[in-house]
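K.L.:
Dropping the structure in here first, questions after.
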Amino acid sequence: MQQSVEVLFLSLLLPFLLLLSFPPPTCPFLISQSSLLGSSFHILGTTRSLKVDTSTSLSQYIQILSDVDDTLKSSGGVSVGSIPLGGVDSQYPRGSTYPGVFQFMLELSKAGGRRPMNIAVLTARAEEFKAALELKPSSPLCMKAAEAGRKAGVEGWGIGPVLYGSVAEWVNQVNKGRRKFANFEVLRAQNFGGVSYVYVGDTGEYDEEAGKQML
């Protein structure tokens with residue numbers, strides 16, 4: 001499957017950025033492997049960009065890939081010792097869902113009149129702690145995503161599948177990006193053809209590193 005990388009200009013992200021009134025400690029970014037707009041890679045809050053001169057035919061589906069903490073909801077900047085529990089954003093209370101984030105992802109996945117696929121989550125949350133941290137249909141975050149779909153007339157849309165990290169990445173934090181990329185490769189192998197991916201993350205838990213490998 002041919003892939004290309006598109007640049008996301010700031011104006012595309014206005015619905016998401018409206019919730020930020022000053023520069024955050026973690027910067028949202030978006031990387032896309034499709035041919036919706038043209039070719040680039042942009043990390044909000046930085047001046048870094050990567051140009052890729054490629055072109056492909058439009059894919060049939062777009063799947064949003066997302067981190068959880070500091071992307072869908074705030075970590076609150078809580079840490080144990082020197083290890084952040086999910087991220088570093090202290091602008092919102094821990095567990096607060098960012099306003100408009102699910103509507104934003106749904107609209108991206110519907111671009112060009114496509115039938116939207118569910119959000120695929122690439123998270124650093126440890127598989128070993130799924131009993132306490134698992135995202136399931138009854139989880140508040142999943143219920144909010146499903147509600148956003150219902151309000152937009154897309155019944156059954158929401159979160160899933162969820163691909164987890166492991167305790168090993170909590171011991172060696174720099175491996176979180178590699179694990180998220182490895183999970184992305186697992187997802188691609190499981191998916192049918194004709195899918196392009198848009199990755200939404202933050203710069204607090206190695207999402208940027210995972211995104212660079214996806215390019």
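By convention in this document, the chains of the structure tokens carry letters A, B, ... by their order, each chain's residues are numbered from 1, and ligands are numbered from 1 in the order they are shown.
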Which residues of region 74-107 of chain A have any atom within 12 Å of an atom in region 118-137 of chain A when counting only C-alpha atoms, and what is the closest pair of atoms for each, with the distance in Å to one decimal? Order the rows by chain and rising number and write it as JSON lines.

P.N.:
{"residue": "A:Pro84", "atom": "CA", "partner": "A:Ala124", "partner_atom": "CA", "distance": 11.6}
{"residue": "A:Leu85", "atom": "CA", "partner": "A:Arg125", "partner_atom": "CA", "distance": 9.4}
{"residue": "A:Gly86", "atom": "CA", "partner": "A:Arg125", "partner_atom": "CA", "distance": 7.8}
{"residue": "A:Gly87", "atom": "CA", "partner": "A:Ala124", "partner_atom": "CA", "distance": 10.2}
{"residue": "A:Val101", "atom": "CA", "partner": "A:Ile119", "partner_atom": "CA", "distance": 11.5}
{"residue": "A:Phe102", "atom": "CA", "partner": "A:Ile119", "partner_atom": "CA", "distance": 9.2}
{"residue": "A:Gln103", "atom": "CA", "partner": "A:Ile119", "partner_atom": "CA", "distance": 11.6}
{"residue": "A:Phe104", "atom": "CA", "partner": "A:Ile119", "partner_atom": "CA", "distance": 11.5}
{"residue": "A:Met105", "atom": "CA", "partner": "A:Ile119", "partner_atom": "CA", "distance": 7.8}
{"residue": "A:Leu106", "atom": "CA", "partner": "A:Ile119", "partner_atom": "CA", "distance": 8.4}
{"residue": "A:Glu107", "atom": "CA", "partner": "A:Ile119", "partner_atom": "CA", "distance": 11.7}

K.L.:
Near Val78 (chain A), counting only C-alpha atoms, which residues have an atom at most 10 Å away, once you skip same-chain residues fewer than 2 positions from it, shown as an MDAnalysis selection string?

P.N.:
chainID A and resid 74:76 80:90 93:94

K.L.:
For the residues in the current selection, export C-alpha atoms as a PDB file, in the first residue's frame.

P.N.:
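Dumped everything to result_5.pdb:
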ATOM      1  CA  SER A  74      -5.356  15.682  30.642  1.00  0.00           C
ATOM      2  CA  SER A  75      -2.857  13.873  32.843  1.00  0.00           C
ATOM      3  CA  GLY A  76      -2.959  16.797  35.253  1.00  0.00           C
ATOM      4  CA  VAL A  80       5.442   9.667  41.015  1.00  0.00           C
ATOM      5  CA  GLY A  81       8.992  10.672  41.804  1.00  0.00           C
ATOM      6  CA  SER A  82      10.395  11.784  38.468  1.00  0.00           C
ATOM      7  CA  ILE A  83       8.062   9.618  36.366  1.00  0.00           C
ATOM      8  CA  PRO A  84       4.974  11.387  34.945  1.00  0.00           C
ATOM      9  CA  LEU A  85       1.739   9.423  35.222  1.00  0.00           C
ATOM     10  CA  GLY A  86       0.688   9.775  31.605  1.00  0.00           C
ATOM     11  CA  GLY A  87       1.994  13.228  30.719  1.00  0.00           C
ATOM     12  CA  VAL A  88       2.832  16.714  31.927  1.00  0.00           C
ATOM     13  CA  ASP A  89      -0.179  18.920  31.090  1.00  0.00           C
ATOM     14  CA  SER A  90      -1.250  20.711  34.265  1.00  0.00           C
ATOM     15  CA  PRO A  93      -7.540  18.781  36.057  1.00  0.00           C
ATOM     16  CA  ARG A  94      -6.389  15.181  35.776  1.00  0.00           C
TER      17      ARG A  94
END

K.L.:
Quick one: distance from CA of Trp157 (chain A) to CA of Phe184 (chain A) in Å, one decimal?

P.N.:
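Rounded to one decimal, the two atoms are 20.1 Å apart.
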
K.L.:
If we count only C-alpha atoms and set the cut-off at 12 Å, which residues sit around Ala168 (chain A), ignoring sequence neighbours fewer than 2 positions away in its own chain? Please answer as a PyMOL selection string.

P.N.:
chain A and resi 124-128+164-166+170-176+178-179

K.L.:
Could you work out how far CA of Lys180 (chain A) lies from CA of Tyr206 (chain A), giving the answer in Å with one decimal?

P.N.:
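CA of Tyr206 (chain A) sits 8.7 Å away from CA of Lys180 (chain A).
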
K.L.:
Go ahead and compute the interatomic distance for CA of Gly194 (chain A) and CA of Asp70 (chain A), in Å to one decimal.

P.N.:
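Those two atoms sit 29.6 Å apart.
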
K.L.:
If you run DSSP on the backbone, which residues of region 48-163 of chain A are strand (DSSP E or B), as a list in words?

P.N.:
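Those residues are Ser49, Leu50, Tyr61, Ile62, Gln63, Ile64, Leu65, Ser66, Asp69, Lys73, Ser79, Val80, Ile83, Pro84, Thr97, Ile119, Ala120, Val121, Leu122, Thr123, Ala124, Arg125, Ala126, Ile159, Gly160, Pro161, Val162 and Leu163 of chain A.
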
K.L.:
Taking into account only C-alpha atoms, which residue in the set A:Leu215, A:Ala210, A:Leu141, A:Ala189 is nearest to Leu72 (chain A)?

P.N.:
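Closest to Leu72 (chain A) of all the choices is A:Leu141.
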
K.L.:
Could you tell me which of A:Val186, A:Met143, A:Gln91, A:Val195 comes closest to Pro116 (chain A) if we count only C-alpha atoms?

P.N.:
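Among the listed residues, A:Val195 lies closest to Pro116 (chain A).
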